[in-house]
Every structure is written in C-alpha cells, then in structure tokens.
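Here is the file run-v2.pdb (PDB, C-alpha atoms).
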ATOM      1  CA  MET A   3    -142.481 199.477  15.630
ATOM      2  CA  SER A   4    -139.919 197.140  17.332
ATOM      3  CA  ARG A   5    -137.137 197.836  14.860
ATOM      4  CA  THR A   6    -134.345 200.043  16.116
ATOM      5  CA  PHE A   7    -134.194 203.693  15.071
ATOM      6  CA  LEU A   8    -130.416 203.483  14.505
ATOM      7  CA  LEU A   9    -128.751 202.824  11.171
ATOM      8  CA  THR A  10    -126.157 200.155  11.824
ATOM      9  CA  LEU A  11    -122.544 201.038  11.284
ATOM     10  CA  GLY A  12    -122.334 198.508   8.505
ATOM     11  CA  LEU A  13    -125.282 200.076   6.650
ATOM     12  CA  ALA A  14    -123.838 203.547   7.125
ATOM     13  CA  THR A  15    -120.547 202.375   5.607
ATOM     14  CA  LEU A  16    -122.353 200.745   2.731
ATOM     15  CA  LEU A  17    -124.354 203.907   2.061
ATOM     16  CA  THR A  18    -121.213 205.991   2.058
ATOM     17  CA  SER A  19    -119.327 203.756  -0.336
ATOM     18  CA  ALA A  20    -122.209 202.901  -2.656
ATOM     19  CA  CYS A  21    -124.699 205.740  -2.971
ATOM     20  CA  SER A  22    -126.398 204.131  -5.922
ATOM     21  CA  GLN A  23    -127.204 201.056  -3.819
ATOM     22  CA  ALA A  24    -128.537 203.298  -1.039
ATOM     23  CA  GLN A  25    -130.995 204.781  -3.480
ATOM     24  CA  ASN A  26    -132.370 201.372  -4.441
ATOM     25  CA  GLU A  27    -132.161 199.440  -1.157
ATOM     26  CA  VAL A  28    -133.466 201.826   1.482
ATOM     27  CA  SER A  29    -133.186 201.045   5.168
ATOM     28  CA  ASN A  30    -136.339 201.183   7.280
ATOM     29  CA  ASP A  31    -134.402 202.752  10.158
ATOM     30  CA  LEU A  32    -133.103 206.213  10.916
ATOM     31  CA  THR A  33    -129.787 207.167  12.398
ATOM     32  CA  ALA A  34    -129.935 208.603  15.892
ATOM     33  CA  THR A  35    -126.292 209.172  16.768
ATOM     34  CA  SER A  36    -126.260 212.360  18.843
ATOM     35  CA  ASP A  37    -123.975 215.179  17.745
ATOM     36  CA  THR A  38    -124.420 218.283  19.879
ATOM     37  CA  ASN A  39    -122.241 220.324  17.553
ATOM     38  CA  ASP A  40    -124.406 219.616  14.506
ATOM     39  CA  ARG A  41    -126.958 222.326  15.282
ATOM     40  CA  GLY A  42    -127.528 225.298  14.058
ATOM     41  CA  GLY A  43    -149.966 220.470   0.994
ATOM     42  CA  ASP A  44    -150.949 223.937   0.312
ATOM     43  CA  ASP A  45    -152.691 225.238  -2.770
ATOM     44  CA  GLN A  46    -150.528 226.845  -5.418
ATOM     45  CA  LYS A  47    -152.354 230.167  -5.370
ATOM     46  CA  SER A  48    -151.441 231.572  -1.981
ATOM     47  CA  GLY A  49    -147.930 232.983  -2.482
ATOM     48  CA  LYS A  50    -146.643 236.413  -3.427
ATOM     49  CA  LYS A  51    -143.376 236.847  -5.242
ATOM     50  CA  GLY A  52    -141.029 239.739  -4.585
ATOM     51  CA  LYS A  53    -140.208 242.247  -7.292
ATOM     52  CA  LYS A  54    -136.563 243.005  -7.776
ATOM     53  CA  GLY A  55    -135.469 246.542  -7.095
ATOM     54  CA  LYS A  56    -138.687 247.684  -5.432
ATOM     55  CA  LYS A  57    -140.079 248.094  -1.964
ATOM     56  CA  ASP A  58    -143.013 245.919  -0.990
ATOM     57  CA  LYS A  59    -146.118 247.420   0.574
ATOM     58  CA  LYS A  60    -144.660 247.064   4.070
ATOM     59  CA  GLY A  61    -141.448 248.831   3.128
ATOM     60  CA  ASN A  62    -139.268 245.735   3.153
ATOM     61  CA  ASP A  63    -136.316 245.745   0.794
ATOM     62  CA  ALA A  64    -137.267 243.138  -1.798
ATOM     63  CA  SER A  65    -134.129 243.525  -3.862
ATOM     64  CA  ALA A  66    -131.320 242.896  -1.379
ATOM     65  CA  PRO A  67    -128.931 240.451  -3.132
ATOM     66  CA  LEU A  68    -127.592 238.980   0.092
ATOM     67  CA  GLY A  69    -126.427 235.680  -1.279
ATOM     68  CA  VAL A  70    -126.463 233.139  -4.052
ATOM     69  CA  LEU A  71    -128.979 230.311  -4.318
ATOM     70  CA  GLN A  72    -127.010 227.183  -5.240
ATOM     71  CA  PRO A  73    -128.740 223.936  -6.310
ATOM     72  CA  VAL A  74    -127.166 221.004  -4.433
ATOM     73  CA  GLY A  75    -129.484 218.048  -4.965
ATOM     74  CA  GLU A  76    -132.862 216.477  -5.640
ATOM     75  CA  LEU A  77    -134.845 214.315  -3.243
ATOM     76  CA  GLN A  78    -134.723 210.678  -4.286
ATOM     77  CA  GLY A  79    -136.367 207.454  -3.239
ATOM     78  CA  GLY A  80    -139.958 208.613  -3.508
ATOM     79  CA  ILE A  81    -139.926 211.203  -0.721
ATOM     80  CA  PRO A  82    -143.192 213.157  -1.188
ATOM     81  CA  GLU A  83    -143.570 216.935  -0.933
ATOM     82  CA  SER A  84    -140.781 217.919   1.491
ATOM     83  CA  SER A  85    -142.286 220.396   3.947
ATOM     84  CA  GLY A  86    -139.660 220.605   6.679
ATOM     85  CA  LEU A  87    -135.988 220.093   7.521
ATOM     86  CA  ALA A  88    -134.096 219.252  10.722
ATOM     87  CA  HIS A  89    -130.578 218.105  11.538
ATOM     88  CA  GLY A  90    -129.958 214.366  11.456
ATOM     89  CA  GLY A  91    -127.949 212.448  14.021
ATOM     90  CA  ARG A  92    -124.675 212.758  12.082
ATOM     91  CA  PRO A  93    -123.092 215.755  10.346
ATOM     92  CA  GLY A  94    -124.296 216.026   6.788
ATOM     93  CA  THR A  95    -127.581 214.206   7.406
ATOM     94  CA  PHE A  96    -131.044 215.709   7.664
ATOM     95  CA  TYR A  97    -134.621 214.752   8.401
ATOM     96  CA  THR A  98    -137.544 215.670   6.187
ATOM     97  CA  HIS A  99    -141.178 214.592   5.830
ATOM     98  CA  GLY A 100    -144.157 214.720   3.522
ATOM     99  CA  ASP A 101    -147.116 217.076   3.578
ATOM    100  CA  ALA A 102    -150.759 216.447   4.560
ATOM    101  CA  GLY A 103    -152.152 213.114   3.479
ATOM    102  CA  THR A 104    -148.788 211.341   3.271
ATOM    103  CA  SER A 105    -147.612 208.676   5.695
ATOM    104  CA  PRO A 106    -146.347 209.748   9.157
ATOM    105  CA  THR A 107    -142.765 209.052   8.162
ATOM    106  CA  LEU A 108    -139.464 210.741   8.889
ATOM    107  CA  TYR A 109    -136.926 210.389   6.090
ATOM    108  CA  LEU A 110    -133.190 210.618   6.607
ATOM    109  CA  ILE A 111    -131.352 212.220   3.691
ATOM    110  CA  ASN A 112    -128.033 213.763   2.789
ATOM    111  CA  GLU A 113    -127.543 217.109   1.081
ATOM    112  CA  LYS A 114    -127.679 215.514  -2.357
ATOM    113  CA  GLY A 115    -131.193 214.299  -1.590
ATOM    114  CA  GLU A 116    -130.252 210.611  -1.350
ATOM    115  CA  LYS A 117    -132.491 208.724   1.052
ATOM    116  CA  LEU A 118    -130.449 207.040   3.786
ATOM    117  CA  GLY A 119    -133.307 205.678   5.863
ATOM    118  CA  GLU A 120    -136.913 206.141   6.900
ATOM    119  CA  ARG A 121    -139.099 205.489   9.898
ATOM    120  CA  GLU A 122    -142.879 205.448  10.133
ATOM    121  CA  LEU A 123    -144.035 206.813  13.498
ATOM    122  CA  PRO A 124    -147.020 205.627  15.571
ATOM    123  CA  VAL A 125    -148.911 208.902  15.121
ATOM    124  CA  THR A 126    -151.030 210.489  12.391
ATOM    125  CA  ASN A 127    -150.057 213.016   9.750
ATOM    126  CA  ILE A 128    -153.053 215.310   9.612
ATOM    127  CA  ASP A 129    -150.985 218.143   8.187
ATOM    128  CA  TRP A 130    -147.316 217.984   9.104
ATOM    129  CA  GLU A 131    -145.748 221.251   8.023
ATOM    130  CA  SER A 132    -142.482 221.816   9.889
ATOM    131  CA  LEU A 133    -139.549 220.222  11.699
ATOM    132  CA  ALA A 134    -137.289 221.569  14.435
ATOM    133  CA  ASP A 135    -134.547 220.030  16.568
ATOM    134  CA  ASP A 136    -132.828 220.875  19.840
ATOM    135  CA  GLY A 137    -129.292 220.029  18.702
ATOM    136  CA  LYS A 138    -129.133 217.016  21.022
ATOM    137  CA  GLY A 139    -131.043 214.524  18.911
ATOM    138  CA  THR A 140    -134.640 215.444  19.734
ATOM    139  CA  VAL A 141    -136.832 216.225  16.750
ATOM    140  CA  PHE A 142    -140.112 218.154  16.894
ATOM    141  CA  ILE A 143    -142.743 217.563  14.217
ATOM    142  CA  THR A 144    -145.292 220.368  13.959
ATOM    143  CA  ASP A 145    -148.699 219.038  12.929
ATOM    144  CA  ALA A 146    -150.377 222.431  12.793
ATOM    145  CA  GLY A 147    -151.182 222.946   9.137
ATOM    146  CA  ASN A 148    -154.556 224.648   9.258
ATOM    147  CA  ASN A 149    -155.509 225.866   5.801
ATOM    148  CA  ASN A 150    -159.108 226.618   6.704
ATOM    149  CA  ASN A 151    -158.365 227.778  10.273
ATOM    150  CA  THR A 152    -160.824 225.195  11.631
ATOM    151  CA  ARG A 153    -158.571 222.773  13.524
ATOM    152  CA  ARG A 154    -158.878 222.200  17.276
ATOM    153  CA  ASP A 155    -156.380 219.315  17.381
ATOM    154  CA  LEU A 156    -153.090 221.160  16.842
ATOM    155  CA  ALA A 157    -150.076 219.161  17.952
ATOM    156  CA  ILE A 158    -146.301 218.952  17.983
ATOM    157  CA  TYR A 159    -144.746 215.499  18.236
ATOM    158  CA  ARG A 160    -141.567 215.165  20.267
ATOM    159  CA  VAL A 161    -139.459 212.307  18.917
ATOM    160  CA  GLU A 162    -136.465 210.965  20.828
ATOM    161  CA  PRO A 163    -134.368 209.127  18.214
ATOM    162  CA  GLN A 164    -132.931 206.796  20.851
ATOM    163  CA  SER A 165    -136.480 205.679  21.759
ATOM    164  CA  PRO A 166    -138.528 205.917  18.557
ATOM    165  CA  ASN A 167    -141.445 203.895  19.933
ATOM    166  CA  SER A 168    -142.132 206.570  22.533
ATOM    167  CA  VAL A 169    -143.420 209.772  20.931
ATOM    168  CA  GLY A 170    -144.444 212.676  23.158
ATOM    169  CA  LYS A 171    -147.416 214.795  22.149
ATOM    170  CA  ILE A 172    -147.505 218.543  22.749
ATOM    171  CA  SER A 173    -151.112 219.632  22.270
ATOM    172  CA  PHE A 174    -151.703 223.359  22.051
ATOM    173  CA  ARG A 175    -154.184 226.064  21.162
ATOM    174  CA  TYR A 176    -153.912 229.710  20.242
ATOM    175  CA  PRO A 177    -155.047 232.110  22.998
ATOM    176  CA  ASP A 178    -156.562 234.548  20.501
ATOM    177  CA  GLN A 179    -158.620 232.120  18.409
ATOM    178  CA  THR A 180    -162.223 231.875  19.540
ATOM    179  CA  ALA A 181    -163.979 230.990  16.272
ATOM    180  CA  PHE A 182    -163.365 227.935  14.078
ATOM    181  CA  PRO A 183    -163.067 229.300  11.483
ATOM    182  CA  PRO A 184    -162.775 233.005  12.266
ATOM    183  CA  ALA A 185    -163.963 235.671   9.842
ATOM    184  CA  LYS A 186    -162.131 235.542   6.516
ATOM    185  CA  ASP A 187    -160.090 238.674   7.245
ATOM    186  CA  GLU A 188    -158.881 237.142  10.548
ATOM    187  CA  ARG A 189    -157.675 233.775   9.267
ATOM    188  CA  ASN A 190    -154.114 233.820  10.533
ATOM    189  CA  PHE A 191    -153.958 230.564  12.512
ATOM    190  CA  ASP A 192    -152.216 228.342   9.978
ATOM    191  CA  CYS A 193    -148.688 227.381  11.084
ATOM    192  CA  GLU A 194    -146.104 225.990   8.660
ATOM    193  CA  ALA A 195    -142.921 227.227  10.348
ATOM    194  CA  SER A 196    -141.298 226.424  13.683
ATOM    195  CA  LEU A 197    -137.955 226.468  15.459
ATOM    196  CA  TRP A 198    -136.609 225.379  18.826
ATOM    197  CA  SER A 199    -134.689 227.609  21.237
ATOM    198  CA  ALA A 200    -133.894 227.320  24.957
ATOM    199  CA  GLY A 201    -136.618 224.880  25.900
ATOM    200  CA  LYS A 202    -139.364 226.437  23.818
ATOM    201  CA  LEU A 203    -140.817 225.998  20.364
ATOM    202  CA  TYR A 204    -141.504 229.126  18.370
ATOM    203  CA  LEU A 205    -144.354 229.047  15.858
ATOM    204  CA  PHE A 206    -144.787 231.441  12.941
ATOM    205  CA  THR A 207    -148.180 231.739  11.273
ATOM    206  CA  LYS A 208    -148.983 231.841   7.582
ATOM    207  CA  ASP A 209    -151.309 234.792   7.045
ATOM    208  CA  ARG A 210    -153.957 233.421   4.699
ATOM    209  CA  ALA A 211    -156.232 236.418   5.217
ATOM    210  CA  ASN A 212    -154.074 239.376   4.211
ATOM    211  CA  GLN A 213    -150.517 238.139   3.554
ATOM    212  CA  THR A 214    -149.148 240.979   5.694
ATOM    213  CA  THR A 215    -148.497 239.592   9.179
ATOM    214  CA  SER A 216    -146.866 236.534  10.703
ATOM    215  CA  LYS A 217    -147.849 236.045  14.323
ATOM    216  CA  VAL A 218    -145.182 234.523  16.567
ATOM    217  CA  TYR A 219    -146.138 232.202  19.410
ATOM    218  CA  SER A 220    -144.100 230.175  21.876
ATOM    219  CA  VAL A 221    -145.023 226.881  23.526
ATOM    220  CA  SER A 222    -143.243 224.527  25.906
ATOM    221  CA  ASP A 223    -141.221 221.715  24.354
ATOM    222  CA  GLN A 224    -142.594 219.261  26.933
ATOM    223  CA  PRO A 225    -145.537 216.913  26.285
ATOM    224  CA  GLY A 226    -148.903 217.992  27.633
ATOM    225  CA  SER A 227    -151.738 220.390  26.856
ATOM    226  CA  HIS A 228    -150.635 224.000  26.492
ATOM    227  CA  VAL A 229    -151.919 227.430  25.598
ATOM    228  CA  ALA A 230    -149.396 229.035  23.243
ATOM    229  CA  GLU A 231    -148.142 232.506  24.162
ATOM    230  CA  LEU A 232    -148.508 235.240  21.549
ATOM    231  CA  LEU A 233    -145.155 237.047  21.525
ATOM    232  CA  THR A 234    -145.298 239.494  18.642
ATOM    233  CA  LYS A 235    -146.533 240.157  15.118
ATOM    234  CA  LEU A 236    -144.036 240.473  12.278
ATOM    235  CA  SER A 237    -144.668 242.655   9.254
ATOM    236  CA  ILE A 238    -144.173 240.122   6.460
ATOM    237  CA  ALA A 239    -145.502 240.800   2.969
ATOM    238  CA  GLY A 240    -146.128 237.170   2.130
ATOM    239  CA  GLU A 241    -146.898 233.808   3.734
ATOM    240  CA  VAL A 242    -144.321 232.168   6.001
ATOM    241  CA  THR A 243    -143.589 228.490   5.243
ATOM    242  CA  GLY A 244    -140.361 227.819   7.159
ATOM    243  CA  ALA A 245    -138.180 229.169   9.974
ATOM    244  CA  ASP A 246    -134.827 228.635  11.658
ATOM    245  CA  LEU A 247    -132.374 230.425  13.937
ATOM    246  CA  SER A 248    -128.631 230.471  13.297
ATOM    247  CA  PRO A 249    -126.456 228.603  15.838
ATOM    248  CA  ASP A 250    -125.139 231.900  17.251
ATOM    249  CA  GLY A 251    -128.696 233.200  17.638
ATOM    250  CA  ARG A 252    -128.066 236.340  15.620
ATOM    251  CA  HIS A 253    -129.879 235.487  12.398
ATOM    252  CA  LEU A 254    -133.545 234.579  12.168
ATOM    253  CA  ALA A 255    -134.532 233.284   8.753
ATOM    254  CA  LEU A 256    -138.127 232.892   7.592
ATOM    255  CA  LEU A 257    -139.081 231.283   4.329
ATOM    256  CA  GLY A 258    -141.949 232.258   2.064
ATOM    257  CA  ARG A 259    -143.081 231.109  -1.322
ATOM    258  CA  GLU A 260    -139.955 231.848  -3.385
ATOM    259  CA  GLU A 261    -138.933 234.490  -0.839
ATOM    260  CA  LEU A 262    -136.608 234.641   2.153
ATOM    261  CA  TYR A 263    -137.013 237.027   5.092
ATOM    262  CA  LEU A 264    -133.915 237.754   7.206
ATOM    263  CA  LEU A 265    -133.928 239.404  10.628
ATOM    264  CA  GLU A 266    -130.803 240.196  12.654
ATOM    265  CA  GLY A 267    -130.205 240.791  16.344
ATOM    266  CA  THR A 268    -127.995 239.839  19.256
ATOM    267  CA  ASP A 269    -130.375 236.983  20.084
ATOM    268  CA  LEU A 270    -133.789 235.661  19.091
ATOM    269  CA  ASN A 271    -135.709 238.213  21.140
ATOM    270  CA  SER A 272    -133.953 241.166  19.520
ATOM    271  CA  ALA A 273    -134.180 239.579  16.064
ATOM    272  CA  LEU A 274    -137.946 239.413  16.496
ATOM    273  CA  LYS A 275    -137.917 243.215  16.817
ATOM    274  CA  ALA A 276    -135.834 243.787  13.681
ATOM    275  CA  THR A 277    -137.088 244.923  10.282
ATOM    276  CA  PRO A 278    -137.124 241.978   7.866
ATOM    277  CA  LYS A 279    -134.933 242.076   4.761
ATOM    278  CA  THR A 280    -136.654 240.307   1.887
ATOM    279  CA  VAL A 281    -134.722 238.316  -0.699
ATOM    280  CA  SER A 282    -136.358 236.996  -3.857
ATOM    281  CA  LEU A 283    -135.923 233.281  -4.557
ATOM    282  CA  LYS A 284    -137.897 233.495  -7.784
ATOM    283  CA  GLY A 285    -137.688 230.318  -9.804
ATOM    284  CA  ALA A 286    -136.778 228.080  -6.842
ATOM    285  CA  GLY A 287    -140.177 226.395  -6.640
ATOM    286  CA  GLN A 288    -142.533 225.943  -3.692
ATOM    287  CA  THR A 289    -139.982 226.601  -0.944
ATOM    288  CA  GLU A 290    -140.988 224.922   2.333
ATOM    289  CA  GLY A 291    -138.047 223.538   4.354
ATOM    290  CA  LEU A 292    -135.391 225.776   5.932
ATOM    291  CA  LEU A 293    -132.329 224.966   8.046
ATOM    292  CA  PHE A 294    -129.114 226.731   9.069
ATOM    293  CA  LEU A 295    -126.056 224.613   8.304
ATOM    294  CA  ASP A 296    -123.810 227.195  10.001
ATOM    295  CA  ASN A 297    -124.109 230.855  10.911
ATOM    296  CA  GLY A 298    -123.963 231.970   7.285
ATOM    297  CA  THR A 299    -125.414 229.096   5.250
ATOM    298  CA  LEU A 300    -128.984 227.883   4.781
ATOM    299  CA  LEU A 301    -130.330 224.651   3.338
ATOM    300  CA  ILE A 302    -133.695 225.024   1.583
ATOM    301  CA  SER A 303    -136.025 222.325   0.284
ATOM    302  CA  THR A 304    -139.047 222.542  -1.990
ATOM    303  CA  GLU A 305    -142.171 220.440  -2.335
ATOM    304  CA  GLN A 306    -140.997 219.613  -5.853
ATOM    305  CA  GLY A 307    -137.910 217.953  -4.340
ATOM    306  CA  ALA A 308    -135.146 220.490  -5.054
ATOM    307  CA  LEU A 309    -132.454 221.226  -2.453
ATOM    308  CA  TYR A 310    -130.544 224.512  -2.386
ATOM    309  CA  ARG A 311    -127.829 226.199  -0.378
ATOM    310  CA  TYR A 312    -128.115 229.899   0.324
ATOM    311  CA  LYS A 313    -125.129 231.975   1.502
ATOM    312  CA  LEU A 314    -125.961 235.033   3.577
TER     313      LEU A 314
END
Target format structure tokens, applied to this file:
Amino acid sequence: MSRTFLLTLGLATLLTSACSQAQNEVSNDLTATSDTNDRGGDDQKSGKKGKKGKKDKKGNDASAPLGVLQPVGELQGGIPESSGLAHGGRPGTFYTHGDAGTSPTLYLINEKGEKLGERELPVTNIDWESLADDGKGTVFITDAGNNNNTRRDLAIYRVEPQSPNSVGKISFRYPDQTAFPPAKDERNFDCEASLWSAGKLYLFTKDRANQTTSKVYSVSDQPGSHVAELLTKLSIAGEVTGADLSPDGRHLALLGREELYLLEGTDLNSALKATPKTVSLKGAGQTEGLLFLDNGTLLISTEQGALYRYKL
C-alpha cells in the first residue's frame, strides 16, 4: 500500500491523448487532485418497474417524462458490477466500485467508462453498495449491504485521497433494529444508497419486506462508533439503490431498479418532506450508481456496466 494515490501528470496526459492505451495499460493509482467546484450483488427478483401513464399504489406519478435517458458509455477494463458513483479528483472523472464479493478496490473512470486508474484499499468488501463524496476530495464507501438484515458490522469507510493508506472507519447501527434478522415483514435494514451533506452521511434503506418505504437515517462523517438517527420514512413504491443531492441542494434523486424518484425542496430537509415523482427507466438495466453532474444532470451506472446521462 506504499504506492501513491495520485496519477502522475505524465500518466494523465498519456491517458488523455491515447485512450486506447489507457484501456490496456491501467495504472494502479487513483487521482486525488482536489477540485472543490466538482461537486454536486443483489438478486434479480427484488425490483418493481413503473407502468407508464398510471399511478403506483402510493399515488406517485409513474409517468412523468421529466427527461431523456442518454447512453454515454460502457465500463471497461474489467470493472465488476458497478454499485456506486462519486466525483473523482478532476472534472470529468468518477469513482466506482464492485459489489459484494469483489475486491475492495476503487476504480477511477471517465464518463465513457474508460478505466483511468484503480486502488485496492486495506479494508474488506463485505457488501459495498454506495459511494458519496464531500466535494473536497474525501470519499465515503458505504459497506452496509444487508440482504438478509442480519449484519451487526455495518460500516462506512472514509478515504482521504491524499493519504490512501489511512482509511477511517465509521461503524454504525440502526436505533430501531433489535432482531437479527427481524420478522420478514420488518426487513427494512438493507442500505444501498447514501449521500453526504454538511458533515453528515444520509442513508436510504432498501425495503426488502414490502417495497413501500425507504427509511432515512443520518450518521456523523467522522470515524468512530455511532448510532444512526432515524430522520423520516419516504413513501417509495420500490427499492432504493442509489441517492444524491444536487449541488444547490434543491433536488434529491433516489434510484430504484429501472426507476428514478425525484424530490424537490429549498434544501435537503424540505426535499425529504416532498412527494416523490417517479420516472420509469425501463430497459436501462440494474441501475445502481447515481450522481449529479450539475443541478439538472444525473450520471447513472448499472451493474451490467452501462453509463447514462439523465436530464431533469
């Protein structure tokens, strides 16, 4: 783990001028150049697809054609099952990672899916499911996939790109889980979606019991042992797999399996009280990673390796 986390300037230039070579000769390092303005393994049976032109059982508008899903790339270089997205150190670069059972590796990519670098971290990947970043170079890896609702070792890894050998561990538990597992109709402690805002990480659960409710928790972004705070419960007719907040704080986007849930407000707190608008992404694949590129544009990744842009 002694190798630097930075892509050298010479390698970055080479990758820019010769993308084909970058695909075949991958660096073992990740870029970590800070840019404060650049911010903004499940089974296949558990998703519900929206039906165009109809209301779902929670009254959400499942037909709202709020944008156009545009294919922009395919993950290359053997990146397995993309389950999360975060901003990279330079504009136009992004981090992603594999699902449960894959190596504990962060991959640096561009929007076309070309692999620019990779870095294996000195932690385990029990079930990495989400990435978040604070806009200043810190990346948070949520290892809280919990398909059977039995885990007691939930964690978020805080990675400082300038010091990749030092990874902070945020251990946490849910205040309302007392049984491992709980009764089948109470299994709503699987988390595949997270975002960072104002010193806190916000976690959104995937409702494996009823596919009707995503619970929202917050936890400190500092290493240590924490009890997450239950903030609210969102009426979501589906299972949440990704989350992000727009740079201006007015748009909260949640991703489901081939569905997108949009909530608007003046800030995150008010957005969490809004009624979700549901947009069908039918045909996109197993949508997992979600990231705002600007206030009106989302980047979406799938476990199959597709990358899309979505315009609000």
For this session: Name the residues that the PyMOL selection byres ((chain A and resi 221) around 6) picks from the file above, as a list in words, using the file's chain letters and numbers.
Result: Lys202, Leu203, Ser220, Ser222 and Ala230 of chain A
Quick one: 8 Å padding each side, axis-aligned, all listed atoms of range 105-112 of chain A - centre and edge lengths in Å to one decimal, as AutoDock Vina command-line options?
--center_x -137.8 --center_y 211.2 --center_z 6.0 --size_x 35.6 --size_y 21.1 --size_z 22.4
Can you build me a table of range 84-179 of chain A residues sitting at most 12 Å from range 191-201 of chain A, with the closest atom pair per residue and its distance in Å to one decimal, using all atoms listed in the file, sorted by chain and residue number, as a Markdown table?
| residue | atom | partner | partner_atom | distance |
| --- | --- | --- | --- | --- |
| A:Ser85 | CA | A:Glu194 | CA | 8.3 |
| A:Gly86 | CA | A:Ala195 | CA | 8.2 |
| A:Leu87 | CA | A:Ser196 | CA | 10.3 |
| A:Ala88 | CA | A:Leu197 | CA | 9.5 |
| A:His89 | CA | A:Leu197 | CA | 11.8 |
| A:Asp101 | CA | A:Glu194 | CA | 10.3 |
| A:Ala102 | CA | A:Glu194 | CA | 11.4 |
| A:Asp129 | CA | A:Glu194 | CA | 9.3 |
| A:Trp130 | CA | A:Glu194 | CA | 8.1 |
| A:Glu131 | CA | A:Glu194 | CA | 4.8 |
| A:Ser132 | CA | A:Ala195 | CA | 5.4 |
| A:Leu133 | CA | A:Ser196 | CA | 6.7 |
| A:Ala134 | CA | A:Leu197 | CA | 5.0 |
| A:Asp135 | CA | A:Trp198 | CA | 6.2 |
| A:Asp136 | CA | A:Trp198 | CA | 6.0 |
| A:Gly137 | CA | A:Trp198 | CA | 9.1 |
| A:Lys138 | CA | A:Trp198 | CA | 11.4 |
| A:Thr140 | CA | A:Trp198 | CA | 10.2 |
| A:Val141 | CA | A:Trp198 | CA | 9.4 |
| A:Phe142 | CA | A:Trp198 | CA | 8.3 |
| A:Ile143 | CA | A:Ser196 | CA | 9.0 |
| A:Thr144 | CA | A:Ser196 | CA | 7.3 |
| A:Asp145 | CA | A:Cys193 | CA | 8.5 |
| A:Ala146 | CA | A:Cys193 | CA | 5.5 |
| A:Gly147 | CA | A:Cys193 | CA | 5.4 |
| A:Asn148 | CA | A:Asp192 | CA | 4.4 |
| A:Asn149 | CA | A:Asp192 | CA | 5.9 |
| A:Asn150 | CA | A:Asp192 | CA | 7.8 |
| A:Asn151 | CA | A:Phe191 | CA | 5.7 |
| A:Thr152 | CA | A:Phe191 | CA | 8.8 |
| A:Arg153 | CA | A:Phe191 | CA | 9.1 |
| A:Arg154 | CA | A:Phe191 | CA | 10.8 |
| A:Leu156 | CA | A:Cys193 | CA | 9.6 |
| A:Ala157 | CA | A:Cys193 | CA | 10.8 |
| A:Ile158 | CA | A:Ser196 | CA | 10.0 |
| A:Arg160 | CA | A:Trp198 | CA | 11.4 |
| A:Arg175 | CA | A:Phe191 | CA | 9.8 |
| A:Tyr176 | CA | A:Phe191 | CA | 7.8 |
| A:Pro177 | CA | A:Phe191 | CA | 10.7 |
| A:Asp178 | CA | A:Phe191 | CA | 9.3 |
| A:Gln179 | CA | A:Phe191 | CA | 7.7 |
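The interatomic distance for the pair CA of Gly139 in chain A and CA of Ser165 in chain A works out to 10.8 Å.
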Problem set entry | Selection near Leu254 in chain A, 9 Å with all atoms listed in the file, sequence-local residues under 5 positions removed, as JSON, numbers by chain | {"A": [245, 246, 247, 248, 263, 264, 265, 266, 267, 269, 270, 273, 274]}
So that I have them on file, write out the residues from the current selection with C-alpha atoms, as a PDB file, in the frame of the given file.
ATOM      1  CA  ALA A 245    -138.180 229.169   9.974  1.00  0.00           C
ATOM      2  CA  ASP A 246    -134.827 228.635  11.658  1.00  0.00           C
ATOM      3  CA  LEU A 247    -132.374 230.425  13.937  1.00  0.00           C
ATOM      4  CA  SER A 248    -128.631 230.471  13.297  1.00  0.00           C
ATOM      5  CA  TYR A 263    -137.013 237.027   5.092  1.00  0.00           C
ATOM      6  CA  LEU A 264    -133.915 237.754   7.206  1.00  0.00           C
ATOM      7  CA  LEU A 265    -133.928 239.404  10.628  1.00  0.00           C
ATOM      8  CA  GLU A 266    -130.803 240.196  12.654  1.00  0.00           C
ATOM      9  CA  GLY A 267    -130.205 240.791  16.344  1.00  0.00           C
ATOM     10  CA  ASP A 269    -130.375 236.983  20.084  1.00  0.00           C
ATOM     11  CA  LEU A 270    -133.789 235.661  19.091  1.00  0.00           C
ATOM     12  CA  ALA A 273    -134.180 239.579  16.064  1.00  0.00           C
ATOM     13  CA  LEU A 274    -137.946 239.413  16.496  1.00  0.00           C
TER      14      LEU A 274
END
Problem set entry | Picked residues, the PyMOL selection byres ((chain A and resi 278-292) around 6), expected as JSON, numbers by chain | {"A": [52, 62, 63, 64, 66, 85, 86, 87, 243, 244, 245, 259, 260, 261, 262, 263, 264, 265, 277, 293, 301, 302, 303, 304, 305]}
For this session: Select, from A:Glu188, A:Lys171, A:Asn271, A:Pro249, the residue with the minimum atom-to-atom distance to Thr299 in chain A, counting all atoms listed in the file.
Result: A:Pro249
Problem set entry | Closest of A:Gly226, A:Gly307, A:Gly119, A:Pro166 to Gly75 in chain A - atom-to-atom distances counting all atoms listed in the file | A:Gly307
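One finds CA of Ser84 in chain A at 22.3 Å from CA of Asp155 in chain A.
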For this session: Could you list the residues chosen by the PyMOL selection byres ((chain A and resi 109) around 12) in this structure as a PyMOL selection string?
Result: chain A and resi 7+28-33+77-90+95-100+105-108+110-112+115-123+133
Exercise. CA of Ile238 in chain A and CA of Tyr159 in chain A are how many Å apart?
Worked result: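 Here the two named atoms are 27.3 Å from each other.
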Exercise. Of the residues A:Leu256, A:Gln224, A:Arg210, A:Ser237, which is the one nearest to Glu162 in chain A, using all atoms listed in the file?
Worked result: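 Once distances to Glu162 in chain A are computed over all atoms listed in the file, the minimum belongs to A:Gln224.
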For this session: Find the residue from A:Val218, A:Leu295, A:Leu205, A:Leu300 that sits nearest to Leu314 in chain A; use only C-alpha atoms when measuring.
Result: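 Result for the nearest residue to Leu314 in chain A: A:Leu300.
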